[in-house]
Amino acid sequence: MDEIIAILKELHPDVDYETNKSLVDNRIIDSFDIISIVAEIDDRLDVQIPAEEIIPENFNSAEALAALVKRLEDED
Amino acid sequence: MQQKNVLEYIERTVNEVPEKIAYESFEGDGCRMTFREVYNTARSIGTYLADNGFYAQPVIIFMKKTPRAIATFFGTVYGGCAYVPIDEEMPRMRIDLIIGSMKPELIICEGETLEMAKEFDYDGKIALYEDISTTPVNDDKLLAIRSRQIDTDPIYIVYTSGSTGVPKGIAACHRSVIDYIEHLSDVLGFDCDTRFGNQSPFYFDACLKELYPTIKFGAYTAIVPKQLFMFPLKLVEFLNEQKVNTVCWVVSALTMISALGALKKEVPQLKLVAFGSEVFPIKQFNRWREALPEARFINLYGPTEATGMSCYYEVNRVFEEGDVIPIGRPFDNTDILLLDEDAPVQNGEVGEICIRGTAITLGYYNDPVRTAEVFVQNPLNTHYPELIYRTGDLARYNEYGELVFVSRKDYQIKHMGHRIELGEIEANVSTIDGIYLSCAVYNKQKDRIVLYYTGTIEEGNLKDILTEKIPRYMLPAVFTRLEDMPLTPNGKVDRKRLLEQAT
């Protein structure tokens, strides 16, 4: 979770990722960010997010993203 | 008789397929318009302009990205005016700069954008689409306007990045748009069965590729919801649901799909993939070709100043990593000169791409100084006036006789398909309190802009303030405050050194 927040903080330092649950719906992150997030998670956590998981629900909050990463790690 | 007005496209098509859907958008409640609806709405808006004395002047269109906006563009042309698309995602300051340099007398918006429009630094008239789009058509007035129109009258003005911080408004006329659409359609093979998926914002000339062939052929354009460009698999599913068979996109929209693995899950049913505005990484390009072995892939190149695209290359051989996909050759009726200053380069040498032909636009609106810098007399012709456009792009011919893009002459870059002057970023940064010196550099490998600065302002603060001033795609990915700015012996900011350390 900390690493996820660190990745997100680099993109938008001013957002409170503990409380914000609508990063996609409120257009806080955009397509530039999604590509960075997927690449950074691959680089730093060695987790590859498959295309079918790149959906709004998984990117709306740091929590959802962390849950996704955990689920993908467990599947390995 | 030869076509002289872009409206002749819709006037022919509305007789052939009046009830066919022309354009469709999907955000909010969605919106679809038939050719008859587009035609009628456009003529109503043209009549409104005529009734209210707006003629031969720019009209700002501040609407959502829907078929209604497109009908309003054509309506503006019916009124003998030039449409100027702006967007709610443009930063306020940029909009105010555009309004300030253009001094328009009319902005057309719609219910959803009205509140924002009222905030602009502008005291002219604001008209609502909902009010004017059903104006009873006055045939006599529209005919009178048409009979005076000539094919070198402007039809649109679009804005691009300018190095001094003030965007440049490029004005294009009927003649250059018709010339472009005819030759583009020839090469790309559009017809009435073409189903476009539009990606480009309407405030760029890139959307000409879909908007005009749709009315020329009675084709169809699905306006792809912007949010889908974040979610690759959903994007591909959308294309297939709407039976999109043709895309003309910036490279980054295509690589987003392939790099995130969506092509392995579902293949878009595309017959034609045209791309441009950036270098296509070969690894990603080959993923596309493997997924779509039957499709045609065409690289397009061209500056807005020469109306849409000027050159094309249809991929006809295998490219391996490290290769560059050429930009090929100019469209028919366009000529490319490769010049070193004022002299042609020898074969194989690098020269500046200079464009000659009908496709050259009218120049920068209300800006004779910057126009005269790049729309210049052809130095190879000393006999009569002939303008060429100097692109600032460097290219050479390869062993196949194809043009290959090499680099820019100056500090202009291509990032996510957008043309950006690093100087424009710096000019905006320098207006912020607490900034001493700044320098924006572009890390090509990582495809990101890095801003170095000295001053008292915190990095996070600076980013917040800058977000209000420049578009998202121009915003640096990394902000780094320095104790001292490295300088060259001449006392200029040492760009080279900063570029070396940029990550």
# chains A, B, ... in the order shown; residues from 1 in each chain; ligands from 1
call {"tool": "interface_residues", "arguments": {"of": "chain B", "to": "chain A", "cutoff": "7 Å", "atoms": "only C-alpha atoms", "output": "ChimeraX atom specification"}}
result
/B:229-233,260-262,460
call {"tool": "write_last_selection", "arguments": {"atoms": "N, CA and C atoms", "output": "compact mmCIF listing (two decimals), in the first residue's frame"}}
result
# COMPACT_ATOMS: atom_id res chain seq x y z
N PHE B 229 -9.64 5.98 -23.49
CA PHE B 229 -8.21 5.94 -23.81
C PHE B 229 -7.34 5.67 -22.58
N MET B 230 -7.99 5.47 -21.44
CA MET B 230 -7.29 5.03 -20.24
C MET B 230 -7.41 3.52 -20.06
N PHE B 231 -8.38 2.91 -20.73
CA PHE B 231 -8.72 1.52 -20.45
C PHE B 231 -8.71 0.71 -21.74
N PRO B 232 -7.54 0.12 -22.06
CA PRO B 232 -7.30 -0.42 -23.40
C PRO B 232 -8.30 -1.48 -23.85
N LEU B 233 -8.63 -2.41 -22.98
CA LEU B 233 -9.51 -3.48 -23.43
C LEU B 233 -10.92 -2.95 -23.70
N LEU B 260 -0.14 -2.29 -23.09
CA LEU B 260 -0.84 -2.81 -21.92
C LEU B 260 -1.49 -4.17 -22.19
N GLY B 261 -1.18 -4.75 -23.34
CA GLY B 261 -1.52 -6.15 -23.57
C GLY B 261 -2.93 -6.41 -24.07
N ALA B 262 -3.66 -5.36 -24.50
CA ALA B 262 -5.05 -5.57 -24.88
C ALA B 262 -5.20 -6.37 -26.18
N GLY B 460 5.68 21.22 -5.34
CA GLY B 460 4.25 20.88 -5.41
C GLY B 460 3.40 22.09 -5.74
call {"tool": "select_by_dssp", "arguments": {"residues": "chain A", "states": "helix (DSSP H, G or I)", "output": "number ranges by chain"}}
result
A: 2-11, 31-45, 51-53, 56-59, 62-75
call {"tool": "write_last_selection", "arguments": {"atoms": "N, CA and C atoms", "output": "compact mmCIF listing (two decimals), in the first residue's frame"}}
result
# COMPACT_ATOMS: atom_id res chain seq x y z
N ASP A 2 1.94 1.27 0.84
CA ASP A 2 2.80 2.46 0.90
C ASP A 2 3.46 2.73 -0.46
N GLU A 3 3.89 1.64 -1.08
CA GLU A 3 4.56 1.78 -2.37
C GLU A 3 3.58 2.33 -3.42
N ILE A 4 2.33 1.84 -3.37
CA ILE A 4 1.29 2.32 -4.30
C ILE A 4 1.08 3.82 -4.09
N ILE A 5 0.97 4.21 -2.83
CA ILE A 5 0.76 5.64 -2.55
C ILE A 5 1.97 6.45 -3.00
N ALA A 6 3.16 5.89 -2.81
CA ALA A 6 4.36 6.60 -3.26
C ALA A 6 4.33 6.82 -4.78
N ILE A 7 3.92 5.78 -5.49
CA ILE A 7 3.83 5.89 -6.96
C ILE A 7 2.82 6.97 -7.35
N LEU A 8 1.68 6.94 -6.68
CA LEU A 8 0.62 7.92 -6.99
C LEU A 8 1.03 9.34 -6.60
N LYS A 9 1.71 9.45 -5.46
CA LYS A 9 2.15 10.77 -4.99
C LYS A 9 3.08 11.45 -5.99
N GLU A 10 3.91 10.63 -6.65
CA GLU A 10 4.82 11.21 -7.64
C GLU A 10 4.05 11.85 -8.79
N LEU A 11 2.89 11.29 -9.08
CA LEU A 11 2.09 11.82 -10.20
C LEU A 11 1.32 13.07 -9.79
N SER A 31 -5.11 9.22 -18.87
CA SER A 31 -4.47 8.12 -19.58
C SER A 31 -2.94 8.17 -19.45
N PHE A 32 -2.37 9.37 -19.35
CA PHE A 32 -0.93 9.48 -19.15
C PHE A 32 -0.56 8.76 -17.84
N ASP A 33 -1.37 9.00 -16.81
CA ASP A 33 -1.09 8.45 -15.49
C ASP A 33 -1.23 6.93 -15.46
N ILE A 34 -2.28 6.43 -16.13
CA ILE A 34 -2.51 4.97 -16.11
C ILE A 34 -1.28 4.24 -16.64
N ILE A 35 -0.75 4.75 -17.75
CA ILE A 35 0.43 4.12 -18.35
C ILE A 35 1.60 4.15 -17.36
N SER A 36 1.80 5.31 -16.70
CA SER A 36 2.88 5.42 -15.72
C SER A 36 2.66 4.47 -14.55
N ILE A 37 1.42 4.40 -14.07
CA ILE A 37 1.14 3.56 -12.90
C ILE A 37 1.42 2.09 -13.23
N VAL A 38 0.93 1.64 -14.39
CA VAL A 38 1.13 0.24 -14.78
C VAL A 38 2.64 -0.05 -14.91
N ALA A 39 3.37 0.90 -15.53
CA ALA A 39 4.81 0.70 -15.72
C ALA A 39 5.56 0.70 -14.39
N GLU A 40 5.20 1.62 -13.50
CA GLU A 40 5.89 1.71 -12.20
C GLU A 40 5.61 0.48 -11.33
N ILE A 41 4.39 0.00 -11.37
CA ILE A 41 4.06 -1.19 -10.57
C ILE A 41 4.84 -2.40 -11.09
N ASP A 42 4.99 -2.46 -12.40
CA ASP A 42 5.80 -3.52 -13.00
C ASP A 42 7.26 -3.38 -12.56
N ASP A 43 7.80 -2.15 -12.66
CA ASP A 43 9.21 -1.88 -12.31
C ASP A 43 9.49 -2.16 -10.84
N ARG A 44 8.67 -1.58 -9.97
CA ARG A 44 9.03 -1.56 -8.55
C ARG A 44 8.50 -2.77 -7.79
N LEU A 45 7.34 -3.29 -8.21
CA LEU A 45 6.75 -4.40 -7.45
C LEU A 45 6.78 -5.70 -8.25
N ALA A 51 -4.39 -6.61 -19.25
CA ALA A 51 -5.29 -5.62 -19.87
C ALA A 51 -6.69 -5.67 -19.28
N GLU A 52 -7.19 -6.88 -19.00
CA GLU A 52 -8.59 -6.96 -18.54
C GLU A 52 -8.77 -6.39 -17.14
N GLU A 53 -7.66 -6.16 -16.42
CA GLU A 53 -7.76 -5.55 -15.08
C GLU A 53 -7.61 -4.03 -15.13
N PRO A 56 -11.83 1.06 -14.75
CA PRO A 56 -11.98 2.16 -13.78
C PRO A 56 -12.04 1.68 -12.33
N GLU A 57 -12.76 0.60 -12.07
CA GLU A 57 -12.94 0.13 -10.69
C GLU A 57 -11.61 -0.12 -9.98
N ASN A 58 -10.62 -0.59 -10.72
CA ASN A 58 -9.34 -0.92 -10.10
C ASN A 58 -8.42 0.28 -9.91
N PHE A 59 -8.78 1.41 -10.50
CA PHE A 59 -7.90 2.58 -10.45
C PHE A 59 -8.54 3.77 -9.75
N ALA A 62 -6.33 4.34 -4.17
CA ALA A 62 -5.09 3.64 -3.83
C ALA A 62 -5.43 2.27 -3.24
N GLU A 63 -6.50 2.23 -2.48
CA GLU A 63 -6.93 0.99 -1.84
C GLU A 63 -7.28 -0.07 -2.89
N ALA A 64 -8.08 0.32 -3.90
CA ALA A 64 -8.48 -0.62 -4.95
C ALA A 64 -7.26 -1.11 -5.72
N LEU A 65 -6.34 -0.20 -5.96
CA LEU A 65 -5.13 -0.55 -6.70
C LEU A 65 -4.28 -1.53 -5.89
N ALA A 66 -4.16 -1.27 -4.59
CA ALA A 66 -3.39 -2.15 -3.72
C ALA A 66 -4.04 -3.54 -3.66
N ALA A 67 -5.36 -3.56 -3.61
CA ALA A 67 -6.08 -4.84 -3.56
C ALA A 67 -5.83 -5.63 -4.85
N LEU A 68 -5.85 -4.91 -5.97
CA LEU A 68 -5.59 -5.55 -7.26
C LEU A 68 -4.18 -6.17 -7.28
N VAL A 69 -3.20 -5.37 -6.84
CA VAL A 69 -1.81 -5.84 -6.85
C VAL A 69 -1.68 -7.08 -5.96
N LYS A 70 -2.31 -7.04 -4.81
CA LYS A 70 -2.25 -8.18 -3.88
C LYS A 70 -2.86 -9.42 -4.53
N ARG A 71 -4.02 -9.25 -5.15
CA ARG A 71 -4.70 -10.36 -5.80
C ARG A 71 -3.82 -10.97 -6.90
N LEU A 72 -3.19 -10.10 -7.68
CA LEU A 72 -2.33 -10.59 -8.77
C LEU A 72 -1.10 -11.31 -8.22
N GLU A 73 -0.56 -10.79 -7.10
CA GLU A 73 0.59 -11.44 -6.47
C GLU A 73 0.20 -12.83 -5.97
N ASP A 74 -0.99 -12.93 -5.36
CA ASP A 74 -1.45 -14.21 -4.81
C ASP A 74 -1.68 -15.24 -5.91
N GLU A 75 -2.15 -14.75 -7.08
CA GLU A 75 -2.42 -15.67 -8.19
C GLU A 75 -1.14 -16.29 -8.73
call {"tool": "residues_around", "arguments": {"residues": "stretch 41-51 of chain B", "least_positions_apart": "4", "cutoff": "12 Å", "atoms": "only C-alpha atoms", "output": "JSON, numbers by chain"}}
result
{"B": [7, 10, 11, 33, 34, 35, 36, 37, 55, 56, 57, 58, 59, 61, 67, 68, 69, 70, 71, 72, 73, 74, 75, 76, 77, 78, 79, 80, 81, 82, 83, 105, 106, 107, 108, 125, 127, 128, 129, 130, 131, 132, 133, 134, 135, 136, 137, 138, 139, 140, 141, 142, 143, 144, 145, 146]}
call {"tool": "select_by_dssp", "arguments": {"residues": "stretch 75-323 of chain B", "states": "strand (DSSP E)", "output": "number ranges by chain"}}
result
B: 82-86, 106-109, 125-128, 154-160, 168-173, 195-198, 220-223, 246-250, 272-276, 296-301, 311-314
call {"tool": "residues_around", "arguments": {"residues": "B:Asn245", "least_positions_apart": "3", "cutoff": "12 Å", "atoms": "only C-alpha atoms", "output": "PDB file with N, CA and C atoms, in the first residue's frame"}}
result
ATOM      1  N   PHE B 190     -10.869   5.857 -48.406  1.00  0.00           N
ATOM      2  CA  PHE B 190     -12.159   5.974 -47.706  1.00  0.00           C
ATOM      3  C   PHE B 190     -13.307   5.783 -48.699  1.00  0.00           C
ATOM      4  N   ASP B 191     -14.451   5.290 -48.178  1.00  0.00           N
ATOM      5  CA  ASP B 191     -15.668   5.259 -48.990  1.00  0.00           C
ATOM      6  C   ASP B 191     -16.885   5.296 -48.067  1.00  0.00           C
ATOM      7  N   CYS B 192     -18.066   5.010 -48.611  1.00  0.00           N
ATOM      8  CA  CYS B 192     -19.285   5.167 -47.801  1.00  0.00           C
ATOM      9  C   CYS B 192     -19.364   4.120 -46.689  1.00  0.00           C
ATOM     10  N   ASP B 193     -18.576   3.057 -46.793  1.00  0.00           N
ATOM     11  CA  ASP B 193     -18.584   2.041 -45.742  1.00  0.00           C
ATOM     12  C   ASP B 193     -17.536   2.287 -44.661  1.00  0.00           C
ATOM     13  N   THR B 194     -16.788   3.366 -44.796  1.00  0.00           N
ATOM     14  CA  THR B 194     -15.778   3.671 -43.787  1.00  0.00           C
ATOM     15  C   THR B 194     -16.462   4.050 -42.475  1.00  0.00           C
ATOM     16  N   ARG B 195     -16.024   3.409 -41.408  1.00  0.00           N
ATOM     17  CA  ARG B 195     -16.536   3.744 -40.070  1.00  0.00           C
ATOM     18  C   ARG B 195     -15.345   4.183 -39.217  1.00  0.00           C
ATOM     19  N   PHE B 196     -15.274   5.495 -39.000  1.00  0.00           N
ATOM     20  CA  PHE B 196     -14.145   6.077 -38.272  1.00  0.00           C
ATOM     21  C   PHE B 196     -14.377   5.987 -36.764  1.00  0.00           C
ATOM     22  N   GLY B 197     -13.276   5.824 -36.027  1.00  0.00           N
ATOM     23  CA  GLY B 197     -13.301   6.047 -34.588  1.00  0.00           C
ATOM     24  C   GLY B 197     -12.455   7.288 -34.335  1.00  0.00           C
ATOM     25  N   ASN B 198     -13.100   8.389 -33.969  1.00  0.00           N
ATOM     26  CA  ASN B 198     -12.364   9.656 -33.798  1.00  0.00           C
ATOM     27  C   ASN B 198     -11.698   9.718 -32.437  1.00  0.00           C
ATOM     28  N   ALA B 219     -20.018   8.620 -44.961  1.00  0.00           N
ATOM     29  CA  ALA B 219     -19.440   7.595 -44.078  1.00  0.00           C
ATOM     30  C   ALA B 219     -19.992   7.802 -42.659  1.00  0.00           C
ATOM     31  N   TYR B 220     -19.276   7.287 -41.654  1.00  0.00           N
ATOM     32  CA  TYR B 220     -19.775   7.360 -40.275  1.00  0.00           C
ATOM     33  C   TYR B 220     -18.596   7.603 -39.341  1.00  0.00           C
ATOM     34  N   THR B 221     -18.807   8.459 -38.351  1.00  0.00           N
ATOM     35  CA  THR B 221     -17.770   8.674 -37.336  1.00  0.00           C
ATOM     36  C   THR B 221     -18.323   8.453 -35.935  1.00  0.00           C
ATOM     37  N   ALA B 222     -17.708   7.513 -35.211  1.00  0.00           N
ATOM     38  CA  ALA B 222     -17.995   7.356 -33.781  1.00  0.00           C
ATOM     39  C   ALA B 222     -16.978   8.197 -33.025  1.00  0.00           C
ATOM     40  N   VAL B 236     -10.911  -1.304 -27.084  1.00  0.00           N
ATOM     41  CA  VAL B 236     -10.999  -2.236 -28.215  1.00  0.00           C
ATOM     42  C   VAL B 236     -12.426  -2.786 -28.323  1.00  0.00           C
ATOM     43  N   PHE B 238     -15.131  -1.340 -27.429  1.00  0.00           N
ATOM     44  CA  PHE B 238     -15.965  -0.264 -27.967  1.00  0.00           C
ATOM     45  C   PHE B 238     -15.834  -0.190 -29.494  1.00  0.00           C
ATOM     46  N   LEU B 239     -14.599  -0.229 -29.982  1.00  0.00           N
ATOM     47  CA  LEU B 239     -14.373  -0.141 -31.437  1.00  0.00           C
ATOM     48  C   LEU B 239     -15.126  -1.257 -32.151  1.00  0.00           C
ATOM     49  N   ASN B 240     -15.074  -2.446 -31.580  1.00  0.00           N
ATOM     50  CA  ASN B 240     -15.736  -3.572 -32.225  1.00  0.00           C
ATOM     51  C   ASN B 240     -17.258  -3.485 -32.126  1.00  0.00           C
ATOM     52  N   GLU B 241     -17.748  -3.023 -30.981  1.00  0.00           N
ATOM     53  CA  GLU B 241     -19.208  -2.839 -30.852  1.00  0.00           C
ATOM     54  C   GLU B 241     -19.721  -1.853 -31.899  1.00  0.00           C
ATOM     55  N   GLN B 242     -18.977  -0.797 -32.130  1.00  0.00           N
ATOM     56  CA  GLN B 242     -19.425   0.228 -33.084  1.00  0.00           C
ATOM     57  C   GLN B 242     -18.979  -0.088 -34.509  1.00  0.00           C
ATOM     58  N   CYS B 248      -7.463   6.899 -37.374  1.00  0.00           N
ATOM     59  CA  CYS B 248      -6.344   7.797 -37.691  1.00  0.00           C
ATOM     60  C   CYS B 248      -5.992   8.449 -36.360  1.00  0.00           C
ATOM     61  N   VAL B 267      -8.951  -8.436 -30.585  1.00  0.00           N
ATOM     62  CA  VAL B 267      -8.339  -7.748 -31.717  1.00  0.00           C
ATOM     63  C   VAL B 267      -9.356  -6.791 -32.330  1.00  0.00           C
ATOM     64  N   PRO B 268      -9.000  -5.530 -32.492  1.00  0.00           N
ATOM     65  CA  PRO B 268      -9.929  -4.608 -33.142  1.00  0.00           C
ATOM     66  C   PRO B 268     -10.075  -4.958 -34.619  1.00  0.00           C
ATOM     67  N   GLN B 269     -11.286  -4.876 -35.140  1.00  0.00           N
ATOM     68  CA  GLN B 269     -11.537  -5.290 -36.530  1.00  0.00           C
ATOM     69  C   GLN B 269     -11.277  -4.117 -37.472  1.00  0.00           C
ATOM     70  N   LEU B 270     -10.018  -3.729 -37.568  1.00  0.00           N
ATOM     71  CA  LEU B 270      -9.659  -2.544 -38.349  1.00  0.00           C
ATOM     72  C   LEU B 270      -9.083  -2.935 -39.700  1.00  0.00           C
ATOM     73  N   LYS B 271      -9.506  -2.207 -40.728  1.00  0.00           N
ATOM     74  CA  LYS B 271      -8.940  -2.407 -42.061  1.00  0.00           C
ATOM     75  C   LYS B 271      -7.798  -1.440 -42.315  1.00  0.00           C
ATOM     76  N   LEU B 272      -7.869  -0.302 -41.614  1.00  0.00           N
ATOM     77  CA  LEU B 272      -6.865   0.739 -41.839  1.00  0.00           C
ATOM     78  C   LEU B 272      -6.448   1.366 -40.507  1.00  0.00           C
ATOM     79  N   VAL B 273      -5.152   1.391 -40.279  1.00  0.00           N
ATOM     80  CA  VAL B 273      -4.612   2.070 -39.106  1.00  0.00           C
ATOM     81  C   VAL B 273      -3.663   3.154 -39.610  1.00  0.00           C
ATOM     82  N   ALA B 274      -4.123   4.402 -39.527  1.00  0.00           N
ATOM     83  CA  ALA B 274      -3.253   5.525 -39.891  1.00  0.00           C
ATOM     84  C   ALA B 274      -2.770   6.140 -38.596  1.00  0.00           C
ATOM     85  N   LEU B 292      -2.958  -7.618 -36.574  1.00  0.00           N
ATOM     86  CA  LEU B 292      -3.806  -7.264 -37.720  1.00  0.00           C
ATOM     87  C   LEU B 292      -3.035  -7.441 -39.031  1.00  0.00           C
ATOM     88  N   ALA B 295      -4.508  -5.706 -42.186  1.00  0.00           N
ATOM     89  CA  ALA B 295      -4.805  -4.274 -42.207  1.00  0.00           C
ATOM     90  C   ALA B 295      -3.710  -3.487 -42.923  1.00  0.00           C
ATOM     91  N   ARG B 296      -4.084  -2.317 -43.434  1.00  0.00           N
ATOM     92  CA  ARG B 296      -3.096  -1.391 -43.990  1.00  0.00           C
ATOM     93  C   ARG B 296      -2.623  -0.465 -42.873  1.00  0.00           C
TER      94      ARG B 296
END
call {"tool": "residues_around", "arguments": {"residues": "B:Leu437", "least_positions_apart": "6", "cutoff": "9 Å", "atoms": "only C-alpha atoms", "output": "list of chain:residue names"}}
result
B:Glu426, B:Val429, B:Ser430, B:Tyr452, B:Tyr453, B:Thr454, B:Gly455, B:Met485, B:Val493
call {"tool": "atom_distance", "arguments": {"atom1": "atom CA of B:Gly276", "atom2": "atom CA of B:Val250"}}
result
5.4 Å
call {"tool": "atom_distance", "arguments": {"atom1": "atom CA of B:Asp179", "atom2": "atom CA of B:Asn40"}}
result
25.6 Å
call {"tool": "atom_distance", "arguments": {"atom1": "atom CA of B:Arg94", "atom2": "atom CA of B:Glu468"}}
result
9.0 Å
call {"tool": "residues_around", "arguments": {"residues": "stretch 184-188 of chain B", "least_positions_apart": "5", "cutoff": "10 Å", "atoms": "only C-alpha atoms", "output": "NGL selection string"}}
result
:B and (178-179 or 209 or 212-213 or 216-217 or 246 or 272-274 or 296-298 or 300 or 308-314 or 331-332)
call {"tool": "closest_residue", "arguments": {"among": "B:Pro18, B:Gly169, B:Pro201, B:Gly434", "to": "B:Met90", "atoms": "only C-alpha atoms"}}
result
B:Pro201
call {"tool": "decode", "arguments": {"residues": "stretch 52-63 of chain A", "atoms": "N, CA and C atoms", "output": "mmCIF file, in the first residue's frame"}}
result
data_model
loop_
_atom_site.group_PDB
_atom_site.id
_atom_site.type_symbol
_atom_site.label_atom_id
_atom_site.label_comp_id
_atom_site.auth_asym_id
_atom_site.auth_seq_id
_atom_site.Cartn_x
_atom_site.Cartn_y
_atom_site.Cartn_z
ATOM 1 N N GLU A 52 -7.195 -6.884 -19.000
ATOM 2 C CA GLU A 52 -8.589 -6.961 -18.540
ATOM 3 C C GLU A 52 -8.775 -6.387 -17.136
ATOM 4 N N GLU A 53 -7.658 -6.163 -16.416
ATOM 5 C CA GLU A 53 -7.764 -5.555 -15.083
ATOM 6 C C GLU A 53 -7.611 -4.034 -15.125
ATOM 7 N N ILE A 54 -7.265 -3.508 -16.302
ATOM 8 C CA ILE A 54 -7.120 -2.046 -16.412
ATOM 9 C C ILE A 54 -8.500 -1.463 -16.695
ATOM 10 N N ILE A 55 -9.259 -1.327 -15.631
ATOM 11 C CA ILE A 55 -10.645 -0.846 -15.705
ATOM 12 C C ILE A 55 -10.842 0.191 -14.598
ATOM 13 N N PRO A 56 -11.826 1.057 -14.749
ATOM 14 C CA PRO A 56 -11.984 2.162 -13.784
ATOM 15 C C PRO A 56 -12.043 1.682 -12.333
ATOM 16 N N GLU A 57 -12.760 0.601 -12.065
ATOM 17 C CA GLU A 57 -12.939 0.130 -10.691
ATOM 18 C C GLU A 57 -11.612 -0.119 -9.980
ATOM 19 N N ASN A 58 -10.617 -0.595 -10.725
ATOM 20 C CA ASN A 58 -9.336 -0.924 -10.096
ATOM 21 C C ASN A 58 -8.416 0.281 -9.912
ATOM 22 N N PHE A 59 -8.777 1.409 -10.502
ATOM 23 C CA PHE A 59 -7.897 2.582 -10.452
ATOM 24 C C PHE A 59 -8.537 3.771 -9.747
ATOM 25 N N ASN A 60 -9.705 3.556 -9.166
ATOM 26 C CA ASN A 60 -10.406 4.678 -8.556
ATOM 27 C C ASN A 60 -9.819 5.120 -7.222
ATOM 28 N N SER A 61 -9.067 4.223 -6.559
ATOM 29 C CA SER A 61 -8.462 4.604 -5.275
ATOM 30 C C SER A 61 -7.163 3.826 -5.074
ATOM 31 N N ALA A 62 -6.330 4.339 -4.171
ATOM 32 C CA ALA A 62 -5.095 3.640 -3.829
ATOM 33 C C ALA A 62 -5.431 2.267 -3.243
ATOM 34 N N GLU A 63 -6.498 2.230 -2.481
ATOM 35 C CA GLU A 63 -6.930 0.987 -1.841
ATOM 36 C C GLU A 63 -7.281 -0.074 -2.893
#
